[in-house]
file start.txt (compact mmCIF, C-alpha atoms and all ligand atoms)
# COMPACT_ATOMS: atom_id res chain seq x y z
CA MET A 14 0.00 0.00 0.00
CA ILE A 15 1.45 3.37 -0.99
CA LYS A 16 1.15 5.92 1.77
CA LYS A 17 -0.41 9.05 0.37
CA LYS A 18 0.61 11.64 2.91
CA LEU A 19 2.60 11.97 6.08
CA PHE A 20 0.40 13.12 8.98
CA LEU A 21 2.03 15.15 11.74
CA GLY A 22 0.06 17.01 14.33
CA THR A 23 -0.17 18.23 17.86
CA ASN A 24 -2.87 18.64 20.43
CA THR A 25 -1.90 21.41 22.84
CA LYS A 26 -4.37 20.13 25.49
CA MET A 27 -5.19 22.73 28.19
CA TYR A 28 -1.99 24.64 27.57
CA LYS A 29 -1.32 27.88 25.68
CA THR A 30 -3.48 30.99 25.94
CA ILE A 31 -4.53 32.80 22.76
CA SER A 32 -1.35 34.91 22.70
CA GLU A 33 0.84 31.87 23.38
CA THR A 34 -0.91 29.91 20.62
CA LEU A 35 -0.38 32.76 18.15
CA GLU A 36 3.30 33.07 19.03
CA TYR A 37 3.74 29.31 18.66
CA LEU A 38 1.84 29.14 15.37
CA SER A 39 3.65 32.13 13.97
CA ASP A 40 7.00 30.41 14.60
CA LEU A 41 5.72 27.13 13.19
CA ILE A 42 4.41 28.84 10.04
CA THR A 43 7.83 30.42 9.42
CA LEU A 44 9.75 27.22 10.13
CA THR A 45 7.58 25.06 7.89
CA SER A 46 7.01 27.45 4.99
CA ASP A 47 9.10 25.33 2.59
CA ILE A 48 7.33 22.05 3.30
CA ASP A 49 5.98 20.05 0.39
CA TRP A 50 2.28 20.24 1.22
CA ASP A 51 1.43 17.56 -1.31
CA ASP A 52 3.34 15.19 0.94
CA VAL A 53 2.67 16.45 4.43
CA GLU A 54 -0.54 17.06 6.38
CA LEU A 55 0.50 19.24 9.29
CA PHE A 56 -2.08 20.14 11.92
CA VAL A 57 -2.41 21.91 15.24
CA ILE A 58 -5.28 21.42 17.70
CA PRO A 59 -5.27 24.32 20.17
CA SER A 60 -7.74 25.39 22.84
CA PHE A 61 -11.25 26.42 21.74
CA THR A 62 -10.56 30.03 22.71
CA SER A 63 -7.54 30.19 20.37
CA LEU A 64 -9.26 28.77 17.29
CA GLU A 65 -10.62 31.96 15.78
CA SER A 66 -7.40 34.00 16.04
CA ALA A 67 -5.32 31.00 15.02
CA GLY A 68 -7.47 30.56 11.90
CA LYS A 69 -7.08 34.25 11.01
CA LEU A 70 -3.31 34.07 11.42
CA LEU A 71 -3.03 31.00 9.21
CA ARG A 72 -5.12 32.66 6.50
CA GLU A 73 -3.17 35.93 6.67
CA ARG A 74 0.13 34.09 6.38
CA GLY A 75 -1.20 31.78 3.63
CA SER A 76 -0.15 28.71 5.60
CA ARG A 77 -1.43 25.22 4.83
CA ILE A 78 -1.25 24.09 8.46
CA SER A 79 -4.70 22.72 9.37
CA LEU A 80 -6.59 23.54 12.54
CA GLY A 81 -8.57 21.23 14.72
CA ALA A 82 -10.79 21.33 17.79
CA GLN A 83 -10.12 19.12 20.81
CA ASN A 84 -13.76 18.13 21.26
CA MET A 85 -17.25 18.80 19.90
CA CYS A 86 -20.86 18.21 20.89
CA TRP A 87 -22.86 15.89 18.61
CA GLU A 88 -25.81 18.29 18.52
CA GLU A 89 -26.00 21.44 16.39
CA SER A 90 -27.59 23.54 19.13
CA GLY A 91 -29.67 23.12 22.25
CA GLN A 92 -29.63 22.93 26.01
CA PHE A 93 -26.07 21.61 26.36
CA THR A 94 -24.35 23.99 28.76
CA GLY A 95 -20.60 24.10 28.32
CA GLU A 96 -20.56 22.35 24.95
CA ILE A 97 -19.42 23.60 21.53
CA SER A 98 -21.39 22.69 18.42
CA PRO A 99 -20.23 21.77 14.90
CA ILE A 100 -21.79 24.98 13.55
CA MET A 101 -19.74 27.07 15.98
CA LEU A 102 -16.55 25.26 15.01
CA LYS A 103 -17.28 25.70 11.28
CA GLU A 104 -17.78 29.40 11.91
CA VAL A 105 -14.21 29.79 13.17
CA GLY A 106 -12.66 27.81 10.32
CA THR A 107 -11.93 24.51 12.06
CA GLY A 108 -11.20 21.59 9.73
CA ILE A 109 -10.52 18.68 12.06
CA ILE A 110 -12.42 17.39 15.09
CA GLU A 111 -10.46 15.35 17.61
CA ILE A 112 -12.77 12.77 19.17
CA GLY A 113 -12.32 10.49 22.16
CA HIS A 114 -8.86 11.52 23.33
CA SER A 115 -7.82 9.37 26.27
CA GLU A 116 -8.19 12.33 28.63
CA ARG A 117 -11.79 12.85 27.46
CA ARG A 118 -12.54 9.17 27.97
CA HIS A 119 -10.73 8.62 31.26
CA ILE A 120 -11.04 11.94 33.08
CA PHE A 121 -14.40 13.09 31.72
CA GLY A 122 -16.00 9.67 31.31
CA GLU A 123 -16.84 9.75 27.60
CA THR A 124 -18.08 6.44 26.22
CA ASP A 125 -17.63 4.71 22.87
CA GLN A 126 -21.29 5.40 22.15
CA GLN A 127 -20.73 9.14 22.66
CA GLU A 128 -17.62 9.05 20.47
CA ASN A 129 -19.76 7.40 17.79
CA LEU A 130 -22.30 10.23 17.92
CA LYS A 131 -19.45 12.73 17.60
CA VAL A 132 -17.83 10.89 14.68
CA LYS A 133 -21.17 10.78 12.84
CA CYS A 134 -21.80 14.45 13.53
CA ALA A 135 -18.27 15.51 12.48
CA LEU A 136 -18.53 13.59 9.19
CA LYS A 137 -22.02 14.94 8.51
CA HIS A 138 -20.59 18.45 8.81
CA ASN A 139 -17.68 17.65 6.50
CA PHE A 140 -14.95 17.82 9.10
CA LYS A 141 -12.04 15.41 9.23
CA ALA A 142 -12.89 13.19 12.20
CA LEU A 143 -9.81 12.17 14.19
CA LEU A 144 -10.93 9.30 16.40
CA CYS A 145 -8.48 8.47 19.19
CA ILE A 146 -8.37 4.96 20.60
CA GLY A 147 -6.07 3.06 22.92
CA GLU A 148 -5.97 0.50 25.70
CA THR A 149 -5.18 1.13 29.38
CA LEU A 150 -2.22 -0.52 31.11
CA GLU A 151 -4.59 -2.89 32.90
CA GLN A 152 -6.15 -3.98 29.61
CA LYS A 153 -2.67 -4.45 28.12
CA ASN A 154 -1.67 -6.60 31.08
CA TYR A 155 -4.76 -8.77 30.62
CA ASP A 156 -3.65 -9.14 26.99
CA ILE A 157 -6.94 -7.77 25.68
CA SER A 158 -5.51 -4.75 23.79
CA ASP A 159 -6.65 -6.06 20.41
CA GLU A 160 -10.15 -6.72 21.72
CA VAL A 161 -10.33 -3.23 23.25
CA LEU A 162 -9.13 -1.52 20.06
CA SER A 163 -11.53 -3.56 17.99
CA MET A 164 -14.42 -2.64 20.28
CA GLN A 165 -13.52 1.07 20.28
CA LEU A 166 -13.45 1.02 16.48
CA LYS A 167 -16.60 -1.05 15.99
CA ILE A 168 -18.68 1.09 18.33
CA GLY A 169 -16.97 4.40 17.54
CA LEU A 170 -17.44 3.90 13.80
CA HIS A 171 -20.82 2.18 13.91
CA GLY A 172 -23.11 3.28 11.07
CA ILE A 173 -20.33 5.01 9.09
CA SER A 174 -20.28 4.17 5.39
CA ALA A 175 -17.12 3.49 3.37
CA ARG A 176 -17.73 6.74 1.50
CA GLN A 177 -17.88 8.76 4.71
CA ALA A 178 -14.79 6.97 6.02
CA GLY A 179 -12.76 8.91 3.46
CA ASN A 180 -12.76 11.76 5.98
CA LEU A 181 -11.73 9.62 8.89
CA TRP A 182 -8.33 9.62 10.63
CA ILE A 183 -7.45 7.30 13.50
CA ALA A 184 -4.96 7.99 16.29
CA TYR A 185 -3.69 5.01 18.25
CA GLU A 186 -2.69 6.39 21.62
CA PRO A 187 -2.15 3.76 24.30
CA VAL A 188 -3.27 5.31 27.58
CA TRP A 189 -0.11 4.10 29.37
CA ALA A 190 2.08 5.89 26.82
CA ILE A 191 0.55 9.36 27.12
CA GLY A 192 1.81 12.29 29.16
CA VAL A 193 4.53 12.97 31.73
CA ASN A 194 4.26 9.52 33.31
CA GLY A 195 3.82 7.75 29.99
CA ILE A 196 6.21 5.16 28.61
CA PRO A 197 6.37 5.34 24.81
CA ALA A 198 5.34 2.18 22.99
CA THR A 199 8.18 0.36 21.26
CA LYS A 200 8.10 0.62 17.50
CA GLU A 201 7.37 -3.12 17.31
CA TYR A 202 4.43 -2.92 19.71
CA ALA A 203 3.02 0.16 17.98
CA ALA A 204 3.33 -1.49 14.57
CA MET A 205 1.53 -4.61 15.83
CA LYS A 206 -1.39 -2.54 17.11
CA HIS A 207 -1.53 -0.47 13.94
CA LYS A 208 -1.78 -3.74 12.01
CA THR A 209 -4.69 -4.80 14.22
CA ILE A 210 -6.39 -1.44 13.64
CA ARG A 211 -5.80 -1.68 9.89
CA GLY A 212 -7.38 -5.13 9.88
CA VAL A 213 -10.51 -3.88 11.65
CA LEU A 214 -10.78 -0.88 9.30
CA CYS A 215 -10.51 -3.17 6.26
CA ARG A 216 -13.20 -5.46 7.67
CA LEU A 217 -15.49 -2.50 8.38
CA PHE A 218 -15.00 -0.56 5.14
CA GLY A 219 -13.40 -2.95 2.63
CA GLU A 220 -9.74 -3.16 1.61
CA THR A 221 -9.50 -0.02 -0.51
CA THR A 222 -11.04 2.36 2.01
CA GLY A 223 -9.61 0.55 5.01
CA ASN A 224 -6.09 0.83 3.64
CA SER A 225 -6.50 4.50 2.78
CA ILE A 226 -7.46 5.68 6.30
CA PRO A 227 -4.44 7.27 8.02
CA ILE A 228 -3.48 5.74 11.36
CA LEU A 229 -1.32 7.99 13.54
CA TYR A 230 0.63 6.92 16.60
CA GLY A 231 0.59 9.10 19.73
CA GLY A 232 1.97 8.77 23.25
CA SER A 233 5.34 10.20 24.32
CA VAL A 234 6.60 10.69 20.78
CA ASN A 235 9.90 12.55 21.02
CA ASN A 236 13.06 13.39 19.06
CA GLN A 237 14.55 10.01 19.95
CA ASN A 238 11.74 7.67 18.91
CA ALA A 239 9.98 9.56 16.08
CA ALA A 240 12.23 8.19 13.33
CA ASP A 241 11.83 4.58 14.46
CA LEU A 242 8.07 4.87 14.73
CA ILE A 243 7.53 6.46 11.33
CA SER A 244 9.61 3.78 9.63
CA MET A 245 7.15 1.06 10.65
CA PRO A 246 4.45 -0.28 8.34
CA ASP A 247 0.96 1.11 8.91
CA ILE A 248 2.22 4.07 10.96
CA ASP A 249 1.10 6.91 8.71
CA GLY A 250 1.85 9.75 11.06
CA LEU A 251 2.53 10.97 14.56
CA PHE A 252 0.20 12.75 16.96
CA ILE A 253 2.43 14.56 19.40
CA GLY A 254 1.88 16.30 22.72
CA ARG A 255 4.74 17.72 24.80
CA SER A 256 7.52 17.36 22.24
CA ALA A 257 5.66 19.47 19.70
CA TRP A 258 4.67 22.37 21.95
CA ASN A 259 7.86 24.20 21.12
CA ALA A 260 7.75 25.12 17.42
CA GLU A 261 11.49 24.59 16.90
CA ASN A 262 11.35 21.15 18.41
CA PHE A 263 8.27 20.20 16.41
CA ASN A 264 10.09 21.38 13.30
CA LYS A 265 13.10 19.21 14.21
CA ILE A 266 10.84 16.16 14.44
CA ILE A 267 9.21 17.06 11.11
CA ARG A 268 12.66 17.36 9.46
CA THR A 269 13.73 14.03 10.94
CA VAL A 270 10.75 11.98 9.90
CA TYR A 271 9.91 13.50 6.51
CA PRO A 272 13.00 12.21 4.61
CA LEU A 273 12.56 8.76 6.15
CA TRP A 274 8.91 8.67 5.22
CA LYS A 275 9.73 9.85 1.70
CA ALA A 276 12.41 7.17 1.28
CA SER A 277 10.13 4.41 2.55
CA ARG A 278 7.42 5.56 0.19
CA ALA A 279 9.82 5.50 -2.75
CA GLU A 280 10.70 1.90 -1.86
CA LEU A 281 7.03 0.92 -1.93
CA LYS A 282 6.50 2.29 -5.43
P1 LIG B 301 2.35 13.26 24.81
O1 LIG B 301 3.10 13.26 23.49
O2 LIG B 301 2.68 14.46 25.65
O3 LIG B 301 2.51 11.97 25.54
O4 LIG B 301 0.79 13.42 24.46
C1 LIG B 301 0.26 12.67 23.42
C2 LIG B 301 -1.14 13.06 23.20
O5 LIG B 301 -1.97 12.96 24.09
C3 LIG B 301 -1.51 13.60 21.88
O6 LIG B 301 -2.89 13.75 21.76
call {"tool": "encode", "arguments": {"input": "start.txt", "output": "C-alpha cells", "more": "lines below"}}
Ligand code: 13P
result
Amino acid sequence: MIKKKLFLGTNTKMYKTISETLEYLSDLITLTSDIDWDDVELFVIPSFTSLESAGKLLRERGSRISLGAQNMCWEESGQFTGEISPIMLKEVGTGIIEIGHSERRHIFGETDQQENLKVKCALKHNFKALLCIGETLEQKNYDISDEVLSMQLKIGLHGISARQAGNLWIAYEPVWAIGVNGIPATKEYAAMKHKTIRGVLCRLFGETTGNSIPILYGGSVNNQNAADLISMPDIDGLFIGRSAWNAENFNKIIRTVYPLWKASRAELK
C-alpha cells in the first residue's frame, strides 16, 4: 500500500493561551514554509478560545497548516451547557475534530457510544474526524488490547459508510504511553497494534477504504523515537503532545521523519 501523505500534528491540550498559541503558530508557520504540502498534512489542535485568532493568522500568512478542535458536541444547538457545536466550530474555520482523546474518555467519562455520535456528527458536517483509541495498562496486562481496540473502532465507527470513512483519521494512543508519566510504545508494539487497527478498518469498510485511512501513533513521541516509529508499516503519522509544543522542536521532528517517510514511500512504489 502506498502511503499518500505523512500526517504530523499536535494537540496542545489545556496549555497555551490565545497569545501563546499565536506566538507558537507564527514560529511554526515560518519554520515550515518550505514544506511540500502535497506530501505532508501538518495540523495543530489548540484550545477552543484560540481557534478563531489562530485561523485568522493562518489565512493571513497563507499557511497550509490545518486547525482542529479538541472536542465537539454531537448536537448542532440546544440545552447543552458548556458544549461547543459543529456549527460554531465551522464558523471559526476549524477543519478537524479530535474525538475520544484518552483524557476525554478517562477523566471526563466519555463512552464509545458518545464518540460514535461525535464521529457521525463531524462527518455529517464535513470535518475530518480524528478518532483516538487506545488501551489502558490494565487492559494491556490482561492481553486484551486487540479486543479493546476492535471494540472502540466497531462502536466508535458504527453506522459510518465506506464513502464517509474517506474523511476519517485514526490515532492510536495507548493510555499508558501518554503524558509525563507515559512510557512510549516500542516501534514493534506500535506497529503490531496499527496492524490490528488496519485489519478492523478493512473489515469495516473494505480493503480499498480501510487501507487509505491514516493511522497515527501518539503517546510520548519525542526526538529520539519519532524516526523509528515512522519507519514502521501502517504508521502513517505521529500525533504529538509535549515534544511538539515548542515550534522549533516540532520542526526538528518534522525534518527528521519527513525524509525517512519519503524514502520508505519511494521503496514501496
Ligand atoms: P504526549 O506526546 O505528551 O505523551 O501526548 C500525546 C497526546 O496525548 C496527543 O494527543
call {"tool": "closest_residue", "arguments": {"input": "start.txt", "among": "A:Gly223, A:Gly254, A:Gly179, A:Gly95", "to": "A:Ile191", "atoms": "all atoms listed in the file"}}
result
A:Gly254
call {"tool": "atom_distance", "arguments": {"input": "start.txt", "atom1": "atom CA of A:Ala203", "atom2": "atom CA of A:Ile228"}}
result
10.8 Å
call {"tool": "closest_residue", "arguments": {"input": "start.txt", "among": "A:Ile109, A:Ile157, A:Cys86, A:Ala240", "to": "A:Pro272", "atoms": "only C-alpha atoms"}}
result
A:Ala240
call {"tool": "atom_distance", "arguments": {"input": "start.txt", "atom1": "atom CA of A:Leu38", "atom2": "atom CA of A:Thr269"}}
result
19.7 Å
call {"tool": "atom_distance", "arguments": {"input": "start.txt", "atom1": "atom CA of A:Glu96", "atom2": "atom CA of A:Glu186"}}
result
24.2 Å
call {"tool": "build_atoms", "arguments": {"input": "start.txt", "residues": "stretch 181-192 of chain A", "atoms": "all heavy atoms", "output": "JSON list (two decimals), in the coordinates of the input"}}
result
[["chain", "number", "residue", "atom", "x", "y", "z"],
["A", 181, "LEU", "N", -12.03, 10.13, 7.55],
["A", 181, "LEU", "CA", -11.73, 9.62, 8.89],
["A", 181, "LEU", "C", -10.22, 9.46, 9.08],
["A", 181, "LEU", "O", -9.53, 8.97, 8.18],
["A", 181, "LEU", "CB", -12.41, 8.24, 8.97],
["A", 181, "LEU", "CG", -12.55, 7.56, 10.29],
["A", 181, "LEU", "CD1", -13.47, 8.38, 11.20],
["A", 181, "LEU", "CD2", -13.18, 6.18, 10.05],
["A", 182, "TRP", "N", -9.72, 9.91, 10.22],
["A", 182, "TRP", "CA", -8.33, 9.62, 10.63],
["A", 182, "TRP", "C", -8.42, 8.93, 11.98],
["A", 182, "TRP", "O", -9.30, 9.24, 12.79],
["A", 182, "TRP", "CB", -7.51, 10.90, 10.83],
["A", 182, "TRP", "CG", -7.42, 11.85, 9.68],
["A", 182, "TRP", "CD1", -7.87, 11.67, 8.41],
["A", 182, "TRP", "CD2", -6.83, 13.17, 9.72],
["A", 182, "TRP", "NE1", -7.60, 12.79, 7.65],
["A", 182, "TRP", "CE2", -6.97, 13.72, 8.43],
["A", 182, "TRP", "CE3", -6.19, 13.93, 10.72],
["A", 182, "TRP", "CZ2", -6.49, 15.00, 8.12],
["A", 182, "TRP", "CZ3", -5.73, 15.19, 10.40],
["A", 182, "TRP", "CH2", -5.87, 15.72, 9.12],
["A", 183, "ILE", "N", -7.49, 8.00, 12.21],
["A", 183, "ILE", "CA", -7.45, 7.30, 13.50],
["A", 183, "ILE", "C", -6.13, 7.63, 14.20],
["A", 183, "ILE", "O", -5.08, 7.66, 13.56],
["A", 183, "ILE", "CB", -7.55, 5.76, 13.30],
["A", 183, "ILE", "CG1", -8.82, 5.37, 12.52],
["A", 183, "ILE", "CG2", -7.47, 5.04, 14.64],
["A", 183, "ILE", "CD1", -10.13, 5.64, 13.23],
["A", 184, "ALA", "N", -6.20, 7.87, 15.51],
["A", 184, "ALA", "CA", -4.96, 7.99, 16.29],
["A", 184, "ALA", "C", -4.94, 6.85, 17.29],
["A", 184, "ALA", "O", -5.88, 6.70, 18.08],
["A", 184, "ALA", "CB", -4.89, 9.33, 17.00],
["A", 185, "TYR", "N", -3.89, 6.05, 17.23],
["A", 185, "TYR", "CA", -3.69, 5.01, 18.25],
["A", 185, "TYR", "C", -2.81, 5.61, 19.34],
["A", 185, "TYR", "O", -1.64, 5.92, 19.11],
["A", 185, "TYR", "CB", -3.02, 3.76, 17.65],
["A", 185, "TYR", "CG", -2.58, 2.80, 18.74],
["A", 185, "TYR", "CD1", -3.50, 2.32, 19.66],
["A", 185, "TYR", "CD2", -1.24, 2.40, 18.85],
["A", 185, "TYR", "CE1", -3.10, 1.46, 20.68],
["A", 185, "TYR", "CE2", -0.84, 1.55, 19.87],
["A", 185, "TYR", "CZ", -1.77, 1.08, 20.78],
["A", 185, "TYR", "OH", -1.38, 0.25, 21.80],
["A", 186, "GLU", "N", -3.42, 5.80, 20.51],
["A", 186, "GLU", "CA", -2.69, 6.39, 21.62],
["A", 186, "GLU", "C", -2.91, 5.52, 22.87],
["A", 186, "GLU", "O", -3.90, 5.71, 23.60],
["A", 186, "GLU", "CB", -3.20, 7.81, 21.90],
["A", 186, "GLU", "CG", -3.07, 8.73, 20.71],
["A", 186, "GLU", "CD", -3.09, 10.21, 21.11],
["A", 186, "GLU", "OE1", -4.15, 10.71, 21.46],
["A", 186, "GLU", "OE2", -2.02, 10.81, 21.11],
["A", 187, "PRO", "N", -1.99, 4.58, 23.10],
["A", 187, "PRO", "CA", -2.15, 3.76, 24.30],
["A", 187, "PRO", "C", -2.14, 4.64, 25.55],
["A", 187, "PRO", "O", -1.27, 5.51, 25.68],
["A", 187, "PRO", "CB", -0.93, 2.82, 24.27],
["A", 187, "PRO", "CG", -0.02, 3.30, 23.18],
["A", 187, "PRO", "CD", -0.77, 4.27, 22.33],
["A", 188, "VAL", "N", -3.09, 4.42, 26.43],
["A", 188, "VAL", "CA", -3.27, 5.31, 27.58],
["A", 188, "VAL", "C", -1.99, 5.36, 28.43],
["A", 188, "VAL", "O", -1.59, 6.41, 28.93],
["A", 188, "VAL", "CB", -4.49, 4.84, 28.42],
["A", 188, "VAL", "CG1", -4.70, 5.73, 29.64],
["A", 188, "VAL", "CG2", -5.75, 4.82, 27.57],
["A", 189, "TRP", "N", -1.31, 4.21, 28.54],
["A", 189, "TRP", "CA", -0.11, 4.10, 29.37],
["A", 189, "TRP", "C", 1.09, 4.81, 28.74],
["A", 189, "TRP", "O", 2.14, 4.95, 29.39],
["A", 189, "TRP", "CB", 0.23, 2.62, 29.61],
["A", 189, "TRP", "CG", 0.12, 1.77, 28.37],
["A", 189, "TRP", "CD1", -0.99, 1.11, 27.93],
["A", 189, "TRP", "CD2", 1.14, 1.51, 27.40],
["A", 189, "TRP", "NE1", -0.72, 0.46, 26.75],
["A", 189, "TRP", "CE2", 0.58, 0.69, 26.41],
["A", 189, "TRP", "CE3", 2.49, 1.89, 27.27],
["A", 189, "TRP", "CZ2", 1.29, 0.24, 25.30],
["A", 189, "TRP", "CZ3", 3.21, 1.46, 26.17],
["A", 189, "TRP", "CH2", 2.61, 0.64, 25.20],
["A", 190, "ALA", "N", 0.94, 5.24, 27.50],
["A", 190, "ALA", "CA", 2.08, 5.89, 26.82],
["A", 190, "ALA", "C", 1.98, 7.41, 26.83],
["A", 190, "ALA", "O", 2.93, 8.10, 26.48],
["A", 190, "ALA", "CB", 2.17, 5.39, 25.38],
["A", 191, "ILE", "N", 0.81, 7.92, 27.25],
["A", 191, "ILE", "CA", 0.55, 9.36, 27.12],
["A", 191, "ILE", "C", 1.00, 10.16, 28.34],
["A", 191, "ILE", "O", 0.78, 9.74, 29.47],
["A", 191, "ILE", "CB", -0.96, 9.59, 26.90],
["A", 191, "ILE", "CG1", -1.42, 8.95, 25.59],
["A", 191, "ILE", "CG2", -1.30, 11.08, 26.92],
["A", 191, "ILE", "CD1", -2.92, 9.01, 25.36],
["A", 192, "GLY", "N", 1.59, 11.31, 28.10],
["A", 192, "GLY", "CA", 1.81, 12.29, 29.16],
["A", 192, "GLY", "C", 3.09, 12.10, 29.95],
["A", 192, "GLY", "O", 3.88, 11.19, 29.68]]
